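Source file: query_6.cif (mmCIF, C-alpha atoms)
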```
data_model
loop_
_atom_site.label_atom_id
_atom_site.label_comp_id
_atom_site.auth_asym_id
_atom_site.auth_seq_id
_atom_site.Cartn_x
_atom_site.Cartn_y
_atom_site.Cartn_z
CA MET V 227 104.07 102.60 77.56
CA SER V 228 101.17 103.50 75.25
CA PHE V 229 98.55 105.94 76.40
CA LYS V 230 96.73 106.61 73.13
CA ILE V 231 92.93 106.60 73.02
CA SER V 232 91.97 103.38 71.23
CA SER V 233 88.94 104.67 69.28
CA PRO V 234 87.67 108.11 68.21
CA ILE V 235 86.01 110.07 71.01
CA LEU V 236 84.88 113.56 70.12
CA GLY V 237 83.72 116.67 71.93
CA VAL V 238 83.22 115.27 75.45
CA PRO V 239 81.90 118.10 77.66
CA THR V 240 84.58 118.51 80.33
CA ASN V 241 84.43 120.43 83.62
CA ILE V 242 87.29 121.13 86.02
CA ILE V 243 86.11 121.34 89.64
CA THR V 244 88.84 122.74 91.82
CA GLY V 245 89.35 124.34 95.23
CA PHE V 246 91.70 124.22 98.20
CA LEU V 247 91.86 121.46 100.82
CA GLY V 248 88.62 120.65 102.63
CA VAL V 249 86.40 123.05 100.69
CA GLY V 250 83.90 120.39 99.63
CA LYS V 251 84.88 119.33 96.09
CA THR V 252 84.01 115.66 96.61
CA SER V 253 80.62 116.60 98.10
CA ALA V 254 79.97 118.80 95.08
CA ILE V 255 80.78 115.93 92.71
CA LEU V 256 78.56 113.53 94.65
CA HIS V 257 75.69 116.01 94.37
CA LEU V 258 76.42 116.57 90.67
CA MET V 259 76.19 112.82 90.09
CA LYS V 260 72.53 113.00 91.15
CA SER V 261 71.86 115.26 88.17
CA LYS V 262 73.21 112.76 85.63
CA PRO V 263 70.59 111.72 83.07
CA ASP V 264 69.90 107.98 83.31
CA ASN V 265 70.95 107.41 79.69
CA GLU V 266 74.36 109.05 80.04
CA ARG V 267 77.77 107.66 81.01
CA TRP V 268 80.00 109.96 83.01
CA ALA V 269 83.70 109.78 83.82
CA VAL V 270 85.47 111.30 86.84
CA LEU V 271 89.24 111.80 87.00
CA VAL V 272 90.30 112.46 90.60
CA ASN V 273 93.73 113.74 91.59
CA GLU V 274 94.96 113.46 95.18
CA PHE V 275 97.98 114.98 96.92
CA GLY V 276 98.64 111.82 98.91
CA GLU V 277 100.06 108.61 97.43
CA ILE V 278 97.37 106.23 98.71
CA GLY V 279 94.25 107.49 96.95
CA VAL V 280 90.93 107.52 98.82
CA ASP V 281 88.51 109.62 96.75
CA GLY V 282 87.89 106.86 94.21
CA SER V 283 86.77 104.49 96.95
CA LEU V 284 84.54 107.15 98.51
CA LEU V 285 82.84 107.93 95.20
CA GLN V 286 82.48 104.33 94.05
CA GLY V 287 81.25 103.26 97.47
CA GLN V 288 78.29 105.62 97.12
CA GLY V 289 76.87 104.08 93.97
CA GLY V 290 79.21 105.22 91.18
CA ASN V 291 79.24 101.92 89.30
CA GLU V 292 75.46 101.45 89.46
CA GLN V 293 74.97 104.94 88.04
CA GLN V 294 77.21 104.32 85.01
CA ILE V 295 79.85 106.63 86.45
CA PHE V 296 83.45 105.58 85.82
CA ILE V 297 86.15 106.79 88.21
CA ARG V 298 89.93 106.82 87.99
CA GLU V 299 92.48 108.26 90.41
CA VAL V 300 95.84 109.95 89.91
CA PRO V 301 97.39 110.01 93.41
CA GLY V 302 100.74 111.37 94.52
CA GLY V 303 100.68 115.13 94.01
CA CYS V 304 99.73 117.36 91.10
CA MET V 305 98.76 115.14 88.18
CA CYS V 306 100.69 117.41 85.80
CA CYS V 307 104.01 116.37 87.33
CA THR V 308 106.53 114.76 84.97
CA ALA V 309 105.26 116.60 81.89
CA GLY V 310 101.66 115.59 82.51
CA LEU V 311 102.17 111.90 81.67
CA PRO V 312 100.37 110.44 84.71
CA MET V 313 97.35 112.58 83.87
CA GLN V 314 97.40 111.73 80.15
CA ILE V 315 97.73 108.00 80.78
CA ALA V 316 94.90 107.93 83.33
CA LEU V 317 92.69 110.23 81.28
CA ASN V 318 93.08 108.25 78.07
CA GLN V 319 92.46 104.95 79.84
CA LEU V 320 89.35 106.44 81.44
CA LEU V 321 88.02 107.83 78.15
CA SER V 322 88.60 104.53 76.36
CA GLU V 323 86.87 102.55 79.10
CA ALA V 324 83.93 104.86 79.75
CA LYS V 325 83.33 106.53 76.37
CA PRO V 326 81.59 109.19 78.46
CA ASP V 327 78.94 111.78 77.73
CA ARG V 328 80.59 114.06 80.31
CA LEU V 329 84.02 114.20 81.97
CA ILE V 330 84.65 115.75 85.40
CA ILE V 331 88.21 116.44 86.54
CA GLU V 332 88.98 117.15 90.19
CA PRO V 333 92.61 118.28 90.69
CA THR V 334 94.07 117.98 94.17
CA GLY V 335 93.50 120.98 96.42
CA LEU V 336 97.27 121.51 96.31
CA GLY V 337 97.58 121.00 92.55
CA HIS V 338 98.03 123.42 89.68
CA PRO V 339 94.77 123.87 87.75
CA LYS V 340 96.34 126.15 85.15
CA GLU V 341 98.68 123.36 84.16
CA VAL V 342 95.81 120.86 84.06
CA MET V 343 94.16 123.21 81.57
CA GLN V 344 97.39 123.40 79.59
CA VAL V 345 97.35 119.64 79.12
CA LEU V 346 93.66 119.62 78.18
CA SER V 347 94.22 122.46 75.68
CA THR V 348 96.91 120.68 73.68
CA GLU V 349 96.27 119.76 70.06
CA TYR V 350 95.92 116.11 71.06
CA TYR V 351 92.77 116.82 73.10
CA ARG V 352 91.39 119.65 70.96
CA ASP V 353 88.82 117.46 69.20
CA VAL V 354 88.42 114.90 72.00
CA LEU V 355 87.28 117.31 74.71
CA SER V 356 84.95 120.30 74.81
CA LEU V 357 86.16 122.41 77.74
CA GLN V 358 83.16 123.67 79.68
CA LYS V 359 82.98 126.01 82.68
CA ASN V 360 85.65 125.73 85.36
CA ILE V 361 84.13 125.67 88.85
CA THR V 362 86.23 126.72 91.86
CA LEU V 363 84.93 126.16 95.38
CA VAL V 364 86.13 128.55 98.09
CA ASP V 365 85.47 128.73 101.82
CA ALA V 366 85.21 132.50 102.26
CA ARG V 367 86.10 132.20 105.95
CA LYS V 368 89.68 131.37 104.88
CA LEU V 369 90.19 134.83 103.36
CA SER V 370 91.39 136.11 106.75
CA ASP V 371 94.22 133.54 106.74
CA PRO V 372 97.35 134.55 104.76
CA ARG V 373 98.32 130.87 104.42
CA TYR V 374 95.50 130.74 101.89
CA THR V 375 95.34 134.21 100.37
CA SER V 376 99.09 134.31 99.67
CA HIS V 377 99.27 130.70 98.45
CA ASP V 378 99.92 130.56 94.72
CA THR V 379 97.66 127.54 94.20
CA PHE V 380 94.76 129.15 96.06
CA ARG V 381 95.01 132.26 93.90
CA GLN V 382 95.48 130.25 90.72
CA GLN V 383 92.32 128.26 91.43
CA ILE V 384 90.34 131.50 91.51
CA ALA V 385 92.10 132.96 88.46
CA ILE V 386 91.08 130.04 86.19
CA ALA V 387 87.45 129.95 87.38
CA ASP V 388 84.46 130.77 85.23
CA THR V 389 82.38 130.50 88.39
CA VAL V 390 83.56 130.78 91.98
CA VAL V 391 81.31 129.01 94.47
CA GLY V 392 81.42 130.30 98.02
CA ASN V 393 80.71 126.98 99.73
CA LYS V 394 79.71 126.29 103.36
CA THR V 395 77.60 129.48 103.58
CA ASP V 396 75.79 128.03 106.58
CA LEU V 397 79.01 128.69 108.54
CA TYR V 398 79.70 132.23 107.27
CA GLN V 399 79.65 135.52 109.14
CA ALA V 400 77.62 138.37 107.66
CA GLU V 401 80.58 140.00 105.88
CA ASP V 402 82.13 136.83 104.38
CA LYS V 403 80.19 136.92 101.11
CA GLU V 404 81.25 140.48 100.29
CA LYS V 405 84.86 139.68 101.16
CA LEU V 406 84.81 136.81 98.68
CA LYS V 407 83.35 138.95 95.90
CA ALA V 408 86.05 141.58 96.46
CA PHE V 409 88.85 139.01 96.53
CA VAL V 410 87.65 137.36 93.32
CA ALA V 411 87.48 140.74 91.58
CA GLN V 412 91.07 141.41 92.69
CA VAL V 413 92.57 138.02 91.76
CA ALA V 414 90.49 137.10 88.72
CA SER V 415 88.11 139.47 86.97
CA LEU V 416 84.94 141.47 87.51
CA LYS V 417 83.43 139.13 84.91
CA THR V 418 84.05 136.06 87.08
CA LYS V 419 80.71 134.85 88.39
CA VAL V 420 80.36 134.35 92.13
CA ILE V 421 77.58 132.23 93.60
CA PHE V 422 77.07 130.67 97.04
CA ALA V 423 76.20 127.16 98.19
CA LYS V 424 75.78 124.86 101.16
CA HIS V 425 77.20 121.33 101.28
CA GLY V 426 78.47 121.55 97.70
CA VAL V 427 74.97 121.75 96.19
CA ILE V 428 75.53 123.59 92.89
CA PRO V 429 72.80 123.87 90.22
CA PHE V 430 73.56 121.67 87.23
CA ASN V 431 73.16 124.55 84.78
CA GLU V 432 76.25 126.21 86.29
CA PHE V 433 78.37 123.53 84.61
CA ASP V 434 77.05 124.06 81.09
CA GLY V 435 78.62 126.41 78.54
CA GLU V 436 82.14 126.74 77.21
CA THR V 437 84.88 128.08 79.44
CA ARG V 438 85.93 131.67 78.79
CA ILE V 439 89.40 130.98 80.22
CA GLU V 440 92.14 130.57 77.63
CA VAL V 441 95.38 128.89 78.65
CA LEU V 442 97.95 128.34 75.93
CA PRO V 443 99.64 124.93 75.91
CA THR V 444 103.29 125.02 76.89
CA SER V 445 106.20 122.62 76.85
CA TYR V 446 106.88 123.42 80.50
CA LEU V 447 104.80 121.78 83.17
CA HIS V 448 105.25 121.71 86.92
CA ARG V 449 107.69 119.07 88.13
CA ASP V 450 107.90 118.51 91.87
CA ARG V 451 107.55 114.77 92.17
CA GLN V 452 110.58 112.58 92.65
CA THR V 453 109.10 109.29 91.41
CA SER V 454 109.22 107.86 87.91
CA VAL V 455 106.24 107.72 85.55
CA SER V 456 106.82 104.01 85.01
CA GLU V 457 106.78 103.31 88.74
CA GLU V 458 103.77 101.28 89.87
CA ALA V 459 101.47 103.52 91.87
CA LEU V 460 101.28 102.73 95.57
CA SER V 461 97.50 103.08 95.26
CA GLU V 462 97.48 99.97 93.01
CA GLU V 463 100.47 97.98 94.31
CA LEU V 464 99.71 94.58 95.82
CA ILE V 465 99.59 94.71 99.62
CA PRO V 466 102.43 92.58 101.10
CA GLU V 467 102.00 89.77 103.61
CA SER V 468 102.26 92.24 106.47
CA GLY V 469 98.80 93.43 105.41
CA MET V 470 99.74 97.11 105.23
CA ILE V 471 101.33 99.72 102.96
CA LYS V 472 102.41 103.15 104.16
CA ALA V 473 103.21 106.16 101.96
CA THR V 474 104.22 109.80 102.46
CA ASN V 475 104.44 112.88 100.29
CA GLN V 476 105.19 116.58 100.77
CA GLY V 477 105.04 119.83 98.86
CA GLU V 478 103.25 123.20 98.66
CA GLY V 479 103.86 123.66 102.39
CA PHE V 480 102.03 120.49 103.45
CA LYS V 481 102.82 116.85 104.22
CA SER V 482 100.71 113.76 103.66
CA ILE V 483 100.77 110.29 105.16
CA GLY V 484 98.54 107.38 104.29
CA TRP V 485 98.01 103.67 104.73
CA ARG V 486 96.33 100.83 102.89
CA PHE V 487 95.19 97.81 104.90
CA ALA V 488 94.31 94.39 103.47
CA SER V 489 90.61 93.54 103.35
CA GLU V 490 90.87 90.95 106.14
CA LYS V 491 91.95 93.67 108.57
CA VAL V 492 88.75 94.64 110.37
CA PHE V 493 88.67 97.76 112.56
CA ASP V 494 86.60 98.74 115.55
CA ARG V 495 84.35 101.54 114.37
CA GLN V 496 84.01 103.29 117.73
CA SER V 497 87.79 103.30 118.29
CA LEU V 498 88.37 104.77 114.83
CA HIS V 499 85.85 107.54 115.38
CA GLN V 500 87.38 108.44 118.74
CA LEU V 501 90.87 108.57 117.17
CA PHE V 502 89.72 110.72 114.24
CA GLN V 503 88.11 113.22 116.58
CA THR V 504 91.50 113.85 118.23
CA LEU V 505 93.39 114.54 114.99
CA ASN V 506 94.62 118.08 114.38
CA VAL V 507 94.98 118.01 110.59
CA GLU V 508 94.20 120.06 107.52
CA ARG V 509 92.36 117.20 105.90
CA MET V 510 91.65 113.49 106.43
CA LYS V 511 89.82 111.10 104.14
CA ALA V 512 89.36 107.41 104.80
CA VAL V 513 87.40 104.28 103.98
CA PHE V 514 87.45 101.50 106.57
CA ILE V 515 86.14 97.97 106.83
CA THR V 516 84.75 97.81 110.37
CA SER V 517 82.88 95.35 112.52
CA ASP V 518 79.73 97.42 111.84
CA GLY V 519 80.15 97.60 108.06
CA ILE V 520 82.04 99.79 105.59
CA PHE V 521 82.32 103.50 106.36
CA GLY V 522 83.80 106.55 104.71
CA TYR V 523 85.26 109.39 106.81
CA ASN V 524 85.95 113.00 105.99
CA LYS V 525 87.59 115.41 108.44
CA THR V 526 88.22 119.13 108.02
CA ALA V 527 88.58 122.02 110.45
CA ASP V 528 84.77 122.03 110.67
CA GLY V 529 84.58 118.51 112.11
CA ILE V 530 84.27 114.92 110.99
CA THR V 531 81.54 113.23 108.97
CA GLN V 532 80.99 109.56 108.26
CA VAL V 533 78.85 107.77 105.71
CA GLU V 534 78.06 104.10 105.23
CA LEU V 535 79.37 102.74 101.93
CA ASP V 536 78.06 99.97 99.71
CA GLU V 537 81.44 98.48 98.93
CA CYS V 538 85.15 98.81 99.54
CA ALA V 539 88.00 96.52 98.45
CA GLU V 540 90.27 97.48 101.36
CA SER V 541 90.72 100.07 104.11
CA ARG V 542 92.52 103.30 103.18
CA VAL V 543 93.30 106.53 105.01
CA GLU V 544 95.09 109.69 103.89
CA ILE V 545 96.01 112.62 106.12
CA ILE V 546 97.30 116.06 105.08
CA ALA V 547 98.78 118.48 107.61
CA ASP V 548 101.67 120.87 108.08
CA THR V 549 103.05 118.58 110.81
CA LEU V 550 102.38 114.87 111.29
CA ASP V 551 102.04 112.73 114.41
CA ASP V 552 104.84 110.13 114.52
CA GLU V 553 102.66 107.88 116.70
CA LEU V 554 99.69 107.84 114.33
CA GLU V 555 100.43 104.42 112.85
CA GLY V 556 100.43 102.79 116.27
CA LYS V 557 97.16 104.51 117.13
CA LEU V 558 95.58 103.15 113.96
CA LEU V 559 96.80 99.63 114.69
CA ASP V 560 95.28 99.91 118.16
CA CYS V 561 91.90 100.24 116.43
CA LEU V 562 92.18 96.80 114.84
CA ILE V 563 89.92 94.15 116.29
CA VAL V 564 92.01 92.02 118.68
CA ASN V 565 91.96 88.79 116.66
CA ASN V 566 93.58 90.61 113.74
CA MET V 567 96.26 92.42 115.73
CA SER V 568 98.77 89.57 115.73
CA GLU V 569 98.67 89.28 111.95
CA ILE V 570 99.90 92.83 111.32
CA THR V 571 102.21 93.57 114.25
#
```
Rewrite the structure of this file - the entire thing - as structure tokens.
Amino acid sequence: MSFKISSPILGVPTNIITGFLGVGKTSAILHLMKSKPDNERWAVLVNEFGEIGVDGSLLQGQGGNEQQIFIREVPGGCMCCTAGLPMQIALNQLLSEAKPDRLIIEPTGLGHPKEVMQVLSTEYYRDVLSLQKNITLVDARKLSDPRYTSHDTFRQQIAIADTVVGNKTDLYQAEDKEKLKAFVAQVASLKTKVIFAKHGVIPFNEFDGETRIEVLPTSYLHRDRQTSVSEEALSEELIPESGMIKATNQGEGFKSIGWRFASEKVFDRQSLHQLFQTLNVERMKAVFITSDGIFGYNKTADGITQVELDECAESRVEIIADTLDDELEGKLLDCLIVNNMSEIT
């Protein structure tokens, strides 16, 4: 399988935007899109822990194509698995298609940003990409939870940051900002910049300028995925006659489960919202075709939000938690409009 870039592309300004689950990375990217000059083409490479892939649909459904923003997903765990090939293939296809003026890379919240940088720092990409500031979003309220502060990925995300953004400040206690500054100084460096934001709104000038982080390329990359590089991604596989595909994944102390539903499967919006409110999960993202239109959903420990989308090829949902509800599939099927139920059960 060839994954070479078809024509010369040089010096594309490239930002990594990272952060743990539910910290607001997608919201930050959506806000950043609003700063794109009208005459520029941007590319976004999104990595998701789950196998289904929802972020691409959420971003595209909020005007990505109209804005000359090109989006590609790498689902199924850290995109550096299997010697970085899934990432390189997707990245090179994206660069060839978009020929972008800026590239944004969003690793999964459970991924390994240092290893993403190792791939981007190889000789192959040295002239193609111009590595700009790495931005790491952190919810400072999580610093009291050892599941975060002792997690290698959480600490690595801070260590590779040029700028740490304490997001969701509208929910902080008085001491949270100082705790974050102290933690960053301990894990990264006193030189690491710390700023604060609400709803992922980060000034565009924070993304400009070369990264000061140096990560030497290495022949070793993280390998924790059991699937083959040549295997067709479940996020792109044709949906069978049953009208549904289910996929699971696990690693880094978490599990994921997700479903894709064929476009003719229409859901009851009120039933979906009621179901999502009952979920006890680390993170849920979804796009659903409902009787009231197309909606995107985002659930964290802080609650659930929904937004109406312009388009969506099919319904998708991805859930990440430390334990999963075995009855969740049946509960989702119960949300189908009655005249579709017989087709999928």
Residues of segment 345-400 of chain V within 12 Å of segment 318-323 of chain V: nearest atom pair and distance (Å, one decimal) for each, counting all atoms listed in the file, sorted by chain and number, as a Markdown table?
```
| residue | atom | partner | partner_atom | distance |
| --- | --- | --- | --- | --- |
| V:Leu346 | CA | V:Asn318 | CA | 11.4 |
| V:Tyr350 | CA | V:Asn318 | CA | 10.9 |
| V:Tyr351 | CA | V:Asn318 | CA | 9.9 |
| V:Val354 | CA | V:Leu321 | CA | 9.4 |
| V:Leu355 | CA | V:Leu321 | CA | 10.1 |
```
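Across the model, the gap from atom CA of Glu553 of chain V to atom CA of Ile520 of chain V is 24.8 Å.
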- Item | Point-to-point distance in Å for atom CA of Met510 of chain V and atom CA of Asp548 of chain V | 12.6 Å
- Smallest atom-to-atom distance to Val342 of chain V: which of V:Thr244, V:Gln286, V:Thr549, V:Ser261, using all atoms listed in the file? V:Thr244
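Taking atom CA of Gly484 of chain V as the reference point, atom CA of Ile471 of chain V is found at 8.3 Å.
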- Task: Please identify all polymer residues within 10 Å of Gly245 of chain V, counting only C-alpha atoms, omitting same-chain residues fewer than 4 positions from it, and present them as number ranges by chain.
- Result: V: 249-251, 332-337, 339, 361-365, 379-384, 387, 390-391
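Remark: for Glu274 of chain V, the closest of the candidate residues V:Val300, V:Leu317, V:Val238, V:Ile255 is V:Val300 (distances computed over all atoms listed in the file).
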- From the list V:Ser253, V:Ala512, V:Asp327, V:Leu311, which residue is nearest Glu266 of chain V when using all atoms listed in the file?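 Counting all atoms listed in the file, the residue closest to Glu266 of chain V is V:Asp327.
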- Message: Please enumerate the residues selected by the PyMOL selection byres ((chain V and resi 412-428) around 6) when evaluated against the supplied file, formatted as an MDAnalysis selection string.
- Response: chainID V and resid 250 253:254 385 388:395 409:411 429
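The set of residues that the PyMOL selection byres ((chain V and resi 267) around 7) takes from this file is Asn265, Glu266, Trp268, Ala269, Gln294, Ile295, Ala324, Pro326 and Asp327 of chain V.
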Kindly list the centre and edge lengths in Å, rounded to one decimal, for the axis-aligned box that covers all listed atoms of segment 395-402 of chain V plus 5 Å on each of its six sides, as AutoDock Vina command-line options.
```
--center_x 79.0 --center_y 134.0 --center_z 106.4 --size_x 16.3 --size_y 22.0 --size_z 15.6
```
- Item | Proximity to Gly282 of chain V - best of V:Pro263, V:Pro301, V:Gly435, V:Gly248, all atoms listed in the file |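 Smallest distance to Gly282 of chain V is found for V:Pro301.
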- Counting only C-alpha atoms, the residue of V:Val533, V:Leu397, V:Ile242, V:Leu559 that sits nearest Arg486 of chain V: V:Leu559
- Within 10 Å of Cys538 of chain V using all atoms listed in the file, minus same-chain residues under 5 positions, as a PyMOL selection string: chain V and resi 283-284+286-288+489+513-515+519-522
Write out as a PDB file with C-alpha atoms, in the frame of the given file the residues lying within 8 Å of segment 526-531 of chain V, counting all atoms listed in the file and excluding same-chain residues fewer than 5 positions away.
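Output saved as selection.pdb:
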```pdb
ATOM      1  CA  GLY V 248      88.620 120.650 102.630  1.00  0.00           C
ATOM      2  CA  PHE V 502      89.720 110.720 114.240  1.00  0.00           C
ATOM      3  CA  GLN V 503      88.110 113.220 116.580  1.00  0.00           C
ATOM      4  CA  VAL V 507      94.980 118.010 110.590  1.00  0.00           C
ATOM      5  CA  GLU V 508      94.200 120.060 107.520  1.00  0.00           C
ATOM      6  CA  ARG V 509      92.360 117.200 105.900  1.00  0.00           C
ATOM      7  CA  MET V 510      91.650 113.490 106.430  1.00  0.00           C
TER       8      MET V 510
END
```
List every protein, DNA or RNA residue that has at least one atom no more than 7 Å from (83.7, 121.4, 81.9) in the file's coordinates, counting all atoms listed in the file, and write the result as a PDB file with C-alpha atoms, in the frame of the given file.
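Resulting contents of selection38.pdb:
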```pdb
ATOM      1  CA  PRO V 239      81.900 118.100  77.660  1.00  0.00           C
ATOM      2  CA  THR V 240      84.580 118.510  80.330  1.00  0.00           C
ATOM      3  CA  ASN V 241      84.430 120.430  83.620  1.00  0.00           C
ATOM      4  CA  ILE V 242      87.290 121.130  86.020  1.00  0.00           C
ATOM      5  CA  ILE V 330      84.650 115.750  85.400  1.00  0.00           C
ATOM      6  CA  LEU V 357      86.160 122.410  77.740  1.00  0.00           C
ATOM      7  CA  GLN V 358      83.160 123.670  79.680  1.00  0.00           C
ATOM      8  CA  LYS V 359      82.980 126.010  82.680  1.00  0.00           C
ATOM      9  CA  ASN V 360      85.650 125.730  85.360  1.00  0.00           C
ATOM     10  CA  PHE V 433      78.370 123.530  84.610  1.00  0.00           C
TER      11      PHE V 433
END
```
- Item | Counting only C-alpha atoms, the option among V:Arg438, V:Arg367, V:Lys511, V:His257 closest to Asn524 of chain V | V:Lys511
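The environment of segment 472-475 of chain V within 6 Å, counting only C-alpha atoms and disregarding residues fewer than 4 places along the same chain, consists of V:Lys481, V:Ser482, V:Ile483, V:Gly484, V:Trp485.
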